[in-house]
$ cat start_17.cif   # mmCIF, C-alpha atoms
data_query
loop_
_atom_site.label_atom_id
_atom_site.label_comp_id
_atom_site.auth_asym_id
_atom_site.auth_seq_id
_atom_site.Cartn_x
_atom_site.Cartn_y
_atom_site.Cartn_z
CA MET A 261 -65.43 -15.01 21.12
CA ASN A 262 -62.04 -16.27 19.94
CA GLY A 263 -58.68 -15.49 21.49
CA ARG A 264 -57.77 -12.89 18.89
CA THR A 265 -60.94 -10.91 19.55
CA ALA A 266 -60.43 -11.12 23.29
CA ARG A 267 -56.94 -9.69 23.00
CA ALA A 268 -57.99 -6.84 20.70
CA PRO A 269 -58.63 -4.27 23.49
CA LEU A 270 -55.06 -4.58 24.80
CA PRO A 271 -53.29 -3.22 21.67
CA THR A 272 -55.95 -0.53 21.41
CA ALA A 273 -55.36 0.51 25.02
CA VAL A 274 -51.60 0.61 24.45
CA MET A 275 -52.08 2.81 21.38
CA VAL A 276 -54.42 5.14 23.27
CA LEU A 277 -51.91 5.47 26.12
CA GLY A 278 -49.14 6.15 23.64
CA ALA A 279 -51.24 8.81 21.91
CA LEU A 280 -52.04 10.46 25.25
CA TYR A 281 -48.37 10.40 26.21
CA CYS A 282 -47.45 12.18 22.97
CA LEU A 283 -50.37 14.61 22.86
CA LEU A 284 -50.46 15.66 26.51
CA PRO A 285 -47.46 18.06 26.22
CA VAL A 286 -49.01 19.55 23.07
CA ALA A 287 -52.31 20.05 24.91
CA TRP A 288 -50.43 21.68 27.80
CA VAL A 289 -48.67 24.11 25.45
CA LEU A 290 -51.97 24.89 23.70
CA VAL A 291 -53.69 25.74 26.98
CA ALA A 292 -50.69 27.47 28.58
CA ALA A 293 -50.33 29.81 25.60
CA THR A 294 -53.80 31.17 26.34
CA LYS A 295 -53.00 32.00 29.97
CA PRO A 296 -52.13 35.52 31.10
CA ARG A 297 -48.65 35.96 32.46
CA ALA A 298 -49.79 36.14 36.10
CA ASP A 299 -51.70 32.85 35.93
CA LEU A 300 -49.16 30.77 34.02
CA PHE A 301 -47.53 29.05 37.00
CA ASN A 302 -49.72 30.13 39.87
CA SER A 303 -52.92 28.18 39.25
CA PHE A 304 -52.66 26.18 36.08
CA THR A 305 -55.59 24.09 34.89
CA PHE A 306 -56.52 22.67 31.50
CA ALA A 307 -59.26 25.27 31.19
CA PRO A 308 -58.26 27.71 28.40
CA GLY A 309 -57.55 31.32 29.21
CA TRP A 310 -58.25 34.56 27.36
CA ALA A 311 -54.76 35.97 26.70
CA LEU A 312 -53.66 34.15 23.53
CA LEU A 313 -53.85 37.21 21.28
CA THR A 314 -52.15 39.30 23.93
CA ASN A 315 -49.32 36.77 24.23
CA VAL A 316 -48.94 36.63 20.45
CA GLY A 317 -48.80 40.43 20.37
CA ASP A 318 -46.12 40.48 23.06
CA LEU A 319 -44.13 37.86 21.17
CA THR A 320 -44.42 39.88 17.96
CA ALA A 321 -43.29 43.02 19.73
CA TYR A 322 -40.22 41.38 21.27
CA ARG A 323 -37.17 43.00 19.65
CA ASP A 324 -39.15 44.27 16.66
CA GLY A 325 -40.54 40.91 15.61
CA LEU A 326 -37.41 38.81 16.06
CA PHE A 327 -39.54 35.67 16.50
CA TRP A 328 -40.94 36.00 12.98
CA ARG A 329 -37.43 36.38 11.62
CA TRP A 330 -36.56 33.13 13.39
CA THR A 331 -39.64 31.58 11.75
CA ALA A 332 -38.52 32.77 8.32
CA ASN A 333 -35.01 31.43 8.95
CA THR A 334 -36.43 28.06 9.97
CA ALA A 335 -38.64 27.93 6.89
CA LEU A 336 -35.58 28.64 4.74
CA TYR A 337 -33.41 26.03 6.45
CA ALA A 338 -36.09 23.33 6.53
CA GLY A 339 -37.81 24.08 3.22
CA ALA A 340 -34.74 24.54 1.03
CA GLY A 341 -32.76 21.86 2.87
CA ALA A 342 -35.53 19.26 2.66
CA LEU A 343 -36.25 20.03 -0.99
CA LEU A 344 -32.60 19.77 -2.03
CA SER A 345 -32.16 16.69 0.15
CA ALA A 346 -35.16 14.96 -1.43
CA GLY A 347 -33.83 15.76 -4.91
CA LEU A 348 -30.33 14.51 -4.13
CA SER A 349 -31.73 11.41 -2.41
CA GLY A 350 -33.96 10.68 -5.40
CA LEU A 351 -31.08 10.89 -7.86
CA THR A 352 -28.76 8.84 -5.67
CA GLY A 353 -31.36 6.19 -4.84
CA TYR A 354 -32.43 5.85 -8.47
CA ALA A 355 -28.82 5.46 -9.61
CA LEU A 356 -28.07 2.83 -6.96
CA ALA A 357 -31.26 0.91 -7.77
CA LYS A 358 -31.22 0.98 -11.57
CA PHE A 359 -27.59 1.17 -12.67
CA ARG A 360 -24.82 -1.36 -12.24
CA PHE A 361 -21.33 0.09 -11.89
CA PRO A 362 -18.09 -0.83 -10.12
CA GLY A 363 -18.23 -0.11 -6.40
CA ARG A 364 -22.03 0.06 -6.21
CA THR A 365 -22.21 -2.47 -3.38
CA VAL A 366 -19.43 -0.75 -1.46
CA LEU A 367 -21.13 2.61 -1.90
CA PHE A 368 -24.44 1.22 -0.66
CA ASN A 369 -22.74 -0.33 2.38
CA VAL A 370 -21.11 3.02 3.18
CA LEU A 371 -24.56 4.58 2.86
CA LEU A 372 -25.96 2.07 5.35
CA ALA A 373 -23.12 2.87 7.73
CA GLY A 374 -24.02 6.55 7.41
CA VAL A 375 -27.60 5.75 8.43
CA LEU A 376 -26.31 4.21 11.66
CA VAL A 377 -24.19 7.23 12.60
CA PRO A 378 -26.15 9.71 14.78
CA GLY A 379 -26.21 13.15 13.25
CA ILE A 380 -25.23 14.73 16.56
CA THR A 381 -21.76 13.14 16.33
CA LEU A 382 -21.09 14.95 13.03
CA ALA A 383 -21.89 18.46 14.27
CA ILE A 384 -18.39 19.23 15.59
CA PRO A 385 -16.52 17.87 12.50
CA GLN A 386 -18.92 19.82 10.27
CA TYR A 387 -18.23 22.96 12.26
CA LEU A 388 -14.46 22.50 11.92
CA LEU A 389 -14.72 21.93 8.16
CA LEU A 390 -16.96 24.93 7.55
CA ALA A 391 -14.84 27.10 9.84
CA ARG A 392 -11.82 26.25 7.68
CA VAL A 393 -13.55 27.70 4.61
CA GLY A 394 -15.08 30.64 6.48
CA LEU A 395 -18.74 29.64 6.26
CA THR A 396 -19.62 29.52 9.95
CA ASP A 397 -22.20 32.02 11.22
CA SER A 398 -23.88 32.02 7.80
CA TYR A 399 -27.08 30.55 6.42
CA LEU A 400 -25.04 28.09 4.37
CA SER A 401 -23.45 26.66 7.52
CA VAL A 402 -26.86 25.27 8.52
CA LEU A 403 -28.20 24.60 5.03
CA LEU A 404 -25.31 22.68 3.46
CA PRO A 405 -25.02 19.87 6.08
CA SER A 406 -28.79 19.38 5.88
CA ILE A 407 -28.80 18.50 2.19
CA VAL A 408 -27.06 15.13 2.49
CA SER A 409 -29.27 12.54 4.18
CA PRO A 410 -28.02 8.92 4.16
CA PHE A 411 -31.40 7.74 5.44
CA GLY A 412 -33.18 9.60 2.64
CA MET A 413 -30.88 8.07 0.04
CA TYR A 414 -31.48 4.64 1.50
CA LEU A 415 -35.26 5.10 1.36
CA ALA A 416 -35.05 6.42 -2.20
CA ARG A 417 -32.99 3.43 -3.27
CA ILE A 418 -35.48 0.98 -1.76
CA TYR A 419 -38.47 2.83 -3.22
CA ALA A 420 -36.94 3.14 -6.70
CA ALA A 421 -36.08 -0.56 -6.79
CA ALA A 422 -39.65 -1.51 -5.88
CA ALA A 423 -41.70 1.12 -7.72
CA VAL A 424 -39.88 1.82 -10.99
CA PRO A 425 -40.20 -1.12 -13.45
CA ASP A 426 -37.08 -1.95 -15.46
CA GLU A 427 -39.27 -2.69 -18.48
CA LEU A 428 -40.59 0.88 -18.45
CA LEU A 429 -37.06 2.26 -18.49
CA GLU A 430 -36.06 -0.03 -21.35
CA VAL A 431 -39.02 1.17 -23.42
CA ALA A 432 -37.97 4.77 -22.85
CA ARG A 433 -34.39 3.98 -23.85
CA THR A 434 -35.62 2.22 -26.98
CA ASP A 435 -37.50 5.36 -27.93
CA GLY A 436 -34.22 7.28 -27.74
CA ALA A 437 -34.70 9.15 -24.46
CA GLY A 438 -31.60 10.15 -22.53
CA GLU A 439 -31.03 9.06 -18.95
CA LEU A 440 -31.79 12.46 -17.43
CA ARG A 441 -35.00 12.69 -19.43
CA ILE A 442 -35.95 9.17 -18.36
CA PHE A 443 -35.41 10.09 -14.74
CA GLY A 444 -37.39 13.31 -14.99
CA SER A 445 -40.26 12.05 -17.16
CA VAL A 446 -40.56 8.38 -16.19
CA ALA A 447 -38.95 7.61 -12.84
CA LEU A 448 -39.62 10.86 -10.97
CA PRO A 449 -43.45 10.75 -11.24
CA VAL A 450 -43.44 7.15 -10.02
CA MET A 451 -41.10 7.98 -7.15
CA ALA A 452 -43.04 11.10 -6.10
CA PRO A 453 -44.79 9.55 -3.05
CA GLY A 454 -41.48 8.21 -1.75
CA LEU A 455 -39.77 11.55 -2.30
CA VAL A 456 -42.58 13.33 -0.45
CA THR A 457 -41.94 11.01 2.48
CA ILE A 458 -38.23 11.82 2.38
CA PHE A 459 -39.05 15.53 2.16
CA LEU A 460 -41.28 15.34 5.23
CA PHE A 461 -38.76 13.35 7.27
CA GLN A 462 -35.97 15.76 6.41
CA PHE A 463 -38.15 18.84 6.90
CA VAL A 464 -39.09 17.76 10.42
CA ALA A 465 -35.49 16.78 11.20
CA ILE A 466 -34.15 20.18 10.10
CA TRP A 467 -37.01 22.09 11.76
CA ASN A 468 -36.24 20.40 15.09
CA ASN A 469 -32.46 20.38 14.72
CA PHE A 470 -30.93 22.23 17.66
CA LEU A 471 -27.25 21.36 17.99
CA LEU A 472 -26.06 22.17 14.45
CA PRO A 473 -27.38 25.77 14.29
CA TYR A 474 -26.50 26.30 17.95
CA ILE A 475 -22.87 25.49 17.15
CA MET A 476 -22.69 27.17 13.75
CA LEU A 477 -24.44 30.49 14.40
CA ALA A 478 -23.42 33.42 16.58
CA ASP A 479 -25.77 36.09 15.21
CA ASP A 480 -29.17 35.60 16.86
CA ARG A 481 -30.92 37.12 13.81
CA LYS A 482 -29.94 33.98 11.88
CA PHE A 483 -31.23 31.57 14.52
CA PRO A 484 -33.99 29.07 13.76
CA ILE A 485 -37.00 28.94 16.06
CA ILE A 486 -35.71 26.17 18.31
CA VAL A 487 -32.43 27.94 19.09
CA GLY A 488 -34.15 31.29 19.45
CA LEU A 489 -36.66 29.94 21.94
CA TYR A 490 -33.82 28.29 23.86
CA THR A 491 -32.11 31.65 24.24
CA LEU A 492 -35.38 33.15 25.49
CA LEU A 493 -35.74 30.28 27.95
CA SER A 494 -32.22 30.89 29.23
CA GLU A 495 -32.93 34.61 29.69
CA GLY A 496 -36.15 33.70 31.52
CA VAL A 497 -34.07 32.84 34.59
CA THR A 498 -33.57 36.57 35.16
CA GLN A 499 -36.69 37.76 33.29
CA PRO A 500 -39.59 35.40 34.13
CA ALA A 501 -41.91 37.32 31.80
CA LEU A 502 -40.10 35.70 28.87
CA TYR A 503 -41.48 32.27 29.79
CA THR A 504 -44.85 33.28 28.36
CA LEU A 505 -43.16 34.22 25.09
CA VAL A 506 -41.39 30.85 25.00
CA ILE A 507 -44.63 28.92 25.45
CA THR A 508 -46.49 31.00 22.87
CA GLY A 509 -43.62 30.64 20.43
CA SER A 510 -43.57 26.88 20.99
CA LEU A 511 -47.25 26.71 20.08
CA LEU A 512 -46.77 28.77 16.93
CA SER A 513 -43.80 26.63 15.90
CA ILE A 514 -46.03 23.53 15.78
CA VAL A 515 -48.53 25.06 13.35
CA PRO A 516 -46.36 24.90 10.17
CA LEU A 517 -45.49 21.25 10.78
CA ALA A 518 -49.13 20.28 11.27
CA ALA A 519 -50.17 22.23 8.16
CA LEU A 520 -47.43 20.58 6.10
CA PHE A 521 -48.44 17.07 7.12
CA LEU A 522 -52.12 17.75 6.46
CA SER A 523 -51.41 19.24 3.03
CA LEU A 524 -49.07 16.47 1.85
CA GLN A 525 -50.84 13.41 3.24
CA ARG A 526 -52.87 13.09 0.02
CA TYR A 527 -49.74 11.85 -1.73
CA TRP A 528 -49.63 8.84 0.61
CA ARG A 529 -53.34 8.23 0.02
CA ILE A 530 -52.82 8.28 -3.75
CA ASP A 531 -49.90 5.87 -3.41
CA LEU A 532 -51.94 3.43 -1.33
CA LEU A 533 -54.83 3.55 -3.80
CA SER A 534 -52.51 2.92 -6.72
CA GLY A 535 -51.08 -0.08 -4.89
CA VAL A 536 -54.58 -1.50 -4.46
CA VAL A 537 -55.30 -1.04 -8.16
CA LYS A 538 -52.06 -2.75 -9.13
CA GLY A 539 -52.82 -5.61 -6.75
#
$ encode --input "start_17.cif" --output "structure tokens"
Amino acid sequence: MNGRTARAPLPTAVMVLGALYCLLPVAWVLVAATKPRADLFNSFTFAPGWALLTNVGDLTAYRDGLFWRWTANTALYAGAGALLSAGLSGLTGYALAKFRFPGRTVLFNVLLAGVLVPGITLAIPQYLLLARVGLTDSYLSVLLPSIVSPFGMYLARIYAAAAVPDELLEVARTDGAGELRIFGSVALPVMAPGLVTIFLFQFVAIWNNFLLPYIMLADDRKFPIIVGLYTLLSEGVTQPALYTLVITGSLLSIVPLAALFLSLQRYWRIDLLSGVVKG
């Protein structure tokens, strides 16, 4: 047995511990959501309970289904924001990778600087700007800041430079195709796996974004799930029964993210297979 084989169990053990660390809270939420209200904090074990459907019914009944309105709001913010962000990132990254123009290097360096700036530091300036034009407490106040993603543009630029051959673009130009048609018919299909990755990153970031909607929105009927559950958690100090709703809502909020990843992972598999064929 060589040294590499002898050391193999150590990385595996580290990965298993990391997976347990990440999955244990999810397992706790999954089990806790099945517990009746009286047993939630009194005698908790990892044995599942019988009250999941009851808890879901109570959550649905809370303020005439307000939780499902929060879910619809979150789907709007994350879905539309991630889709527009992926499109804008694809256009920007393709232009930076395949066109030479004055200021391109400066623009790319500014983009890199934007990647290094935490999004949380921009929430207050964004609020002040949108308040000046009267867009606070509206759906656009959450949607508009989510469209621009410096990290997504950076990934798109790197992916376009590596995946889109210059020769293919030159052939399309020789055939008389315009630049927009080249992007839509030639570059976009090649960049699709990278854009799916950007879409997923941005979708998860918007879905889990707390500070921006918390600052922007005053009407709780426009809240996303994460802000809505936070308000329930705050009210649970005086109404402990709401804790069960928070836990059940947390479980339900995970389901769309898991379904999205499972449904879109085939794009990564196709990209990896195409790389093997090219190699």
$ residues_around --input "start_17.cif" --residues "Leu415 of chain A" --least-positions-apart "4" --cutoff "10 Å" --atoms "all atoms listed in the file" --output "VMD selection string"
chain A and resid 349 to 350 353 409 to 411 419 to 421 454 to 455 457 to 458
$ closest_residue --input "start_17.cif" --among "A:Ala346, A:Ala432, A:Ile475, A:Leu400" --to "Pro453 of chain A" --atoms "all atoms listed in the file"
A:Ala346
$ resolve_selection --input "start_17.cif" --expression "the PyMOL selection byres ((chain A and resi 398) around 10)" --output "MDAnalysis selection string"
chainID A and resid 390 394:397 399:403 473 476:479 482:483
$ closest_residue --input "start_17.cif" --among "A:Ser510, A:Thr352, A:Asn469, A:Thr294" --to "Phe327 of chain A" --atoms "all atoms listed in the file"
A:Ser510
$ closest_residue --input "start_17.cif" --among "A:Pro269, A:Val316, A:Leu277, A:Ala321" --to "Leu512 of chain A" --atoms "all atoms listed in the file"
A:Val316
$ residues_around --input "start_17.cif" --residues "Ala342 of chain A" --least-positions-apart "4" --cutoff "10 Å" --atoms "all atoms listed in the file" --output "mmCIF file with C-alpha atoms, keeping the file's coordinate frame"
data_model
loop_
_atom_site.group_PDB
_atom_site.id
_atom_site.type_symbol
_atom_site.label_atom_id
_atom_site.label_comp_id
_atom_site.auth_asym_id
_atom_site.auth_seq_id
_atom_site.Cartn_x
_atom_site.Cartn_y
_atom_site.Cartn_z
ATOM 1 C CA LEU A 336 -35.580 28.640 4.740
ATOM 2 C CA TYR A 337 -33.410 26.030 6.450
ATOM 3 C CA ALA A 338 -36.090 23.330 6.530
ATOM 4 C CA ALA A 346 -35.160 14.960 -1.430
ATOM 5 C CA GLY A 347 -33.830 15.760 -4.910
ATOM 6 C CA LEU A 348 -30.330 14.510 -4.130
ATOM 7 C CA LEU A 403 -28.200 24.600 5.030
ATOM 8 C CA SER A 406 -28.790 19.380 5.880
ATOM 9 C CA ILE A 407 -28.800 18.500 2.190
ATOM 10 C CA VAL A 408 -27.060 15.130 2.490
ATOM 11 C CA SER A 409 -29.270 12.540 4.180
ATOM 12 C CA GLY A 412 -33.180 9.600 2.640
ATOM 13 C CA VAL A 456 -42.580 13.330 -0.450
ATOM 14 C CA ILE A 458 -38.230 11.820 2.380
ATOM 15 C CA PHE A 459 -39.050 15.530 2.160
ATOM 16 C CA LEU A 460 -41.280 15.340 5.230
ATOM 17 C CA PHE A 461 -38.760 13.350 7.270
ATOM 18 C CA GLN A 462 -35.970 15.760 6.410
ATOM 19 C CA PHE A 463 -38.150 18.840 6.900
ATOM 20 C CA VAL A 464 -39.090 17.760 10.420
ATOM 21 C CA ALA A 465 -35.490 16.780 11.200
ATOM 22 C CA ILE A 466 -34.150 20.180 10.100
ATOM 23 C CA TRP A 467 -37.010 22.090 11.760
#
$ build_atoms --input "start_17.cif" --residues "segment 481-507 of chain A" --atoms "N, CA and C atoms" --output "PDB file, keeping the file's coordinate frame"
ATOM      1  N   ARG A 481     -29.972  36.830  14.876  1.00  0.00           N
ATOM      2  CA  ARG A 481     -30.920  37.120  13.810  1.00  0.00           C
ATOM      3  C   ARG A 481     -30.922  36.037  12.729  1.00  0.00           C
ATOM      4  N   LYS A 482     -29.977  35.118  12.809  1.00  0.00           N
ATOM      5  CA  LYS A 482     -29.940  33.980  11.880  1.00  0.00           C
ATOM      6  C   LYS A 482     -30.416  32.691  12.536  1.00  0.00           C
ATOM      7  N   PHE A 483     -30.806  32.765  13.791  1.00  0.00           N
ATOM      8  CA  PHE A 483     -31.230  31.570  14.520  1.00  0.00           C
ATOM      9  C   PHE A 483     -32.507  30.988  13.918  1.00  0.00           C
ATOM     10  N   PRO A 484     -32.666  29.667  13.972  1.00  0.00           N
ATOM     11  CA  PRO A 484     -33.990  29.070  13.760  1.00  0.00           C
ATOM     12  C   PRO A 484     -34.825  29.189  15.025  1.00  0.00           C
ATOM     13  N   ILE A 485     -36.080  28.771  14.922  1.00  0.00           N
ATOM     14  CA  ILE A 485     -37.000  28.940  16.060  1.00  0.00           C
ATOM     15  C   ILE A 485     -36.490  28.221  17.303  1.00  0.00           C
ATOM     16  N   ILE A 486     -36.035  26.988  17.148  1.00  0.00           N
ATOM     17  CA  ILE A 486     -35.710  26.170  18.310  1.00  0.00           C
ATOM     18  C   ILE A 486     -34.542  26.773  19.098  1.00  0.00           C
ATOM     19  N   VAL A 487     -33.559  27.316  18.396  1.00  0.00           N
ATOM     20  CA  VAL A 487     -32.430  27.940  19.090  1.00  0.00           C
ATOM     21  C   VAL A 487     -32.850  29.283  19.676  1.00  0.00           C
ATOM     22  N   GLY A 488     -33.672  30.019  18.941  1.00  0.00           N
ATOM     23  CA  GLY A 488     -34.150  31.290  19.450  1.00  0.00           C
ATOM     24  C   GLY A 488     -34.962  31.142  20.728  1.00  0.00           C
ATOM     25  N   LEU A 489     -35.863  30.163  20.739  1.00  0.00           N
ATOM     26  CA  LEU A 489     -36.660  29.940  21.940  1.00  0.00           C
ATOM     27  C   LEU A 489     -35.792  29.469  23.106  1.00  0.00           C
ATOM     28  N   TYR A 490     -34.736  28.719  22.797  1.00  0.00           N
ATOM     29  CA  TYR A 490     -33.820  28.290  23.860  1.00  0.00           C
ATOM     30  C   TYR A 490     -33.127  29.498  24.499  1.00  0.00           C
ATOM     31  N   THR A 491     -32.741  30.457  23.684  1.00  0.00           N
ATOM     32  CA  THR A 491     -32.110  31.650  24.240  1.00  0.00           C
ATOM     33  C   THR A 491     -33.101  32.434  25.107  1.00  0.00           C
ATOM     34  N   LEU A 492     -34.365  32.494  24.672  1.00  0.00           N
ATOM     35  CA  LEU A 492     -35.380  33.150  25.490  1.00  0.00           C
ATOM     36  C   LEU A 492     -35.574  32.407  26.821  1.00  0.00           C
ATOM     37  N   LEU A 493     -35.579  31.076  26.740  1.00  0.00           N
ATOM     38  CA  LEU A 493     -35.740  30.280  27.950  1.00  0.00           C
ATOM     39  C   LEU A 493     -34.585  30.508  28.912  1.00  0.00           C
ATOM     40  N   SER A 494     -33.384  30.631  28.378  1.00  0.00           N
ATOM     41  CA  SER A 494     -32.220  30.890  29.230  1.00  0.00           C
ATOM     42  C   SER A 494     -32.314  32.273  29.882  1.00  0.00           C
ATOM     43  N   GLU A 495     -32.786  33.267  29.138  1.00  0.00           N
ATOM     44  CA  GLU A 495     -32.930  34.610  29.690  1.00  0.00           C
ATOM     45  C   GLU A 495     -34.086  34.683  30.680  1.00  0.00           C
ATOM     46  N   GLY A 496     -35.014  33.702  30.604  1.00  0.00           N
ATOM     47  CA  GLY A 496     -36.150  33.700  31.520  1.00  0.00           C
ATOM     48  C   GLY A 496     -35.753  33.493  32.968  1.00  0.00           C
ATOM     49  N   VAL A 497     -34.541  33.011  33.212  1.00  0.00           N
ATOM     50  CA  VAL A 497     -34.070  32.840  34.590  1.00  0.00           C
ATOM     51  C   VAL A 497     -34.030  34.193  35.305  1.00  0.00           C
ATOM     52  N   THR A 498     -33.628  35.226  34.582  1.00  0.00           N
ATOM     53  CA  THR A 498     -33.570  36.570  35.160  1.00  0.00           C
ATOM     54  C   THR A 498     -34.767  37.429  34.778  1.00  0.00           C
ATOM     55  N   GLN A 499     -35.498  37.030  33.721  1.00  0.00           N
ATOM     56  CA  GLN A 499     -36.690  37.760  33.290  1.00  0.00           C
ATOM     57  C   GLN A 499     -37.841  36.775  33.126  1.00  0.00           C
ATOM     58  N   PRO A 500     -38.531  36.428  34.200  1.00  0.00           N
ATOM     59  CA  PRO A 500     -39.590  35.400  34.130  1.00  0.00           C
ATOM     60  C   PRO A 500     -40.683  35.711  33.127  1.00  0.00           C
ATOM     61  N   ALA A 501     -40.866  36.971  32.767  1.00  0.00           N
ATOM     62  CA  ALA A 501     -41.910  37.320  31.800  1.00  0.00           C
ATOM     63  C   ALA A 501     -41.653  36.668  30.443  1.00  0.00           C
ATOM     64  N   LEU A 502     -40.428  36.306  30.161  1.00  0.00           N
ATOM     65  CA  LEU A 502     -40.100  35.700  28.870  1.00  0.00           C
ATOM     66  C   LEU A 502     -40.633  34.277  28.747  1.00  0.00           C
ATOM     67  N   TYR A 503     -40.959  33.630  29.862  1.00  0.00           N
ATOM     68  CA  TYR A 503     -41.480  32.270  29.790  1.00  0.00           C
ATOM     69  C   TYR A 503     -42.788  32.218  28.993  1.00  0.00           C
ATOM     70  N   THR A 504     -43.612  33.235  29.134  1.00  0.00           N
ATOM     71  CA  THR A 504     -44.850  33.280  28.360  1.00  0.00           C
ATOM     72  C   THR A 504     -44.553  33.359  26.873  1.00  0.00           C
ATOM     73  N   LEU A 505     -43.537  34.116  26.496  1.00  0.00           N
ATOM     74  CA  LEU A 505     -43.160  34.220  25.090  1.00  0.00           C
ATOM     75  C   LEU A 505     -42.652  32.875  24.571  1.00  0.00           C
ATOM     76  N   VAL A 506     -41.907  32.157  25.405  1.00  0.00           N
ATOM     77  CA  VAL A 506     -41.390  30.850  25.000  1.00  0.00           C
ATOM     78  C   VAL A 506     -42.527  29.884  24.728  1.00  0.00           C
ATOM     79  N   ILE A 507     -43.504  29.848  25.609  1.00  0.00           N
ATOM     80  CA  ILE A 507     -44.630  28.920  25.450  1.00  0.00           C
ATOM     81  C   ILE A 507     -45.460  29.287  24.228  1.00  0.00           C
TER      82      ILE A 507
END
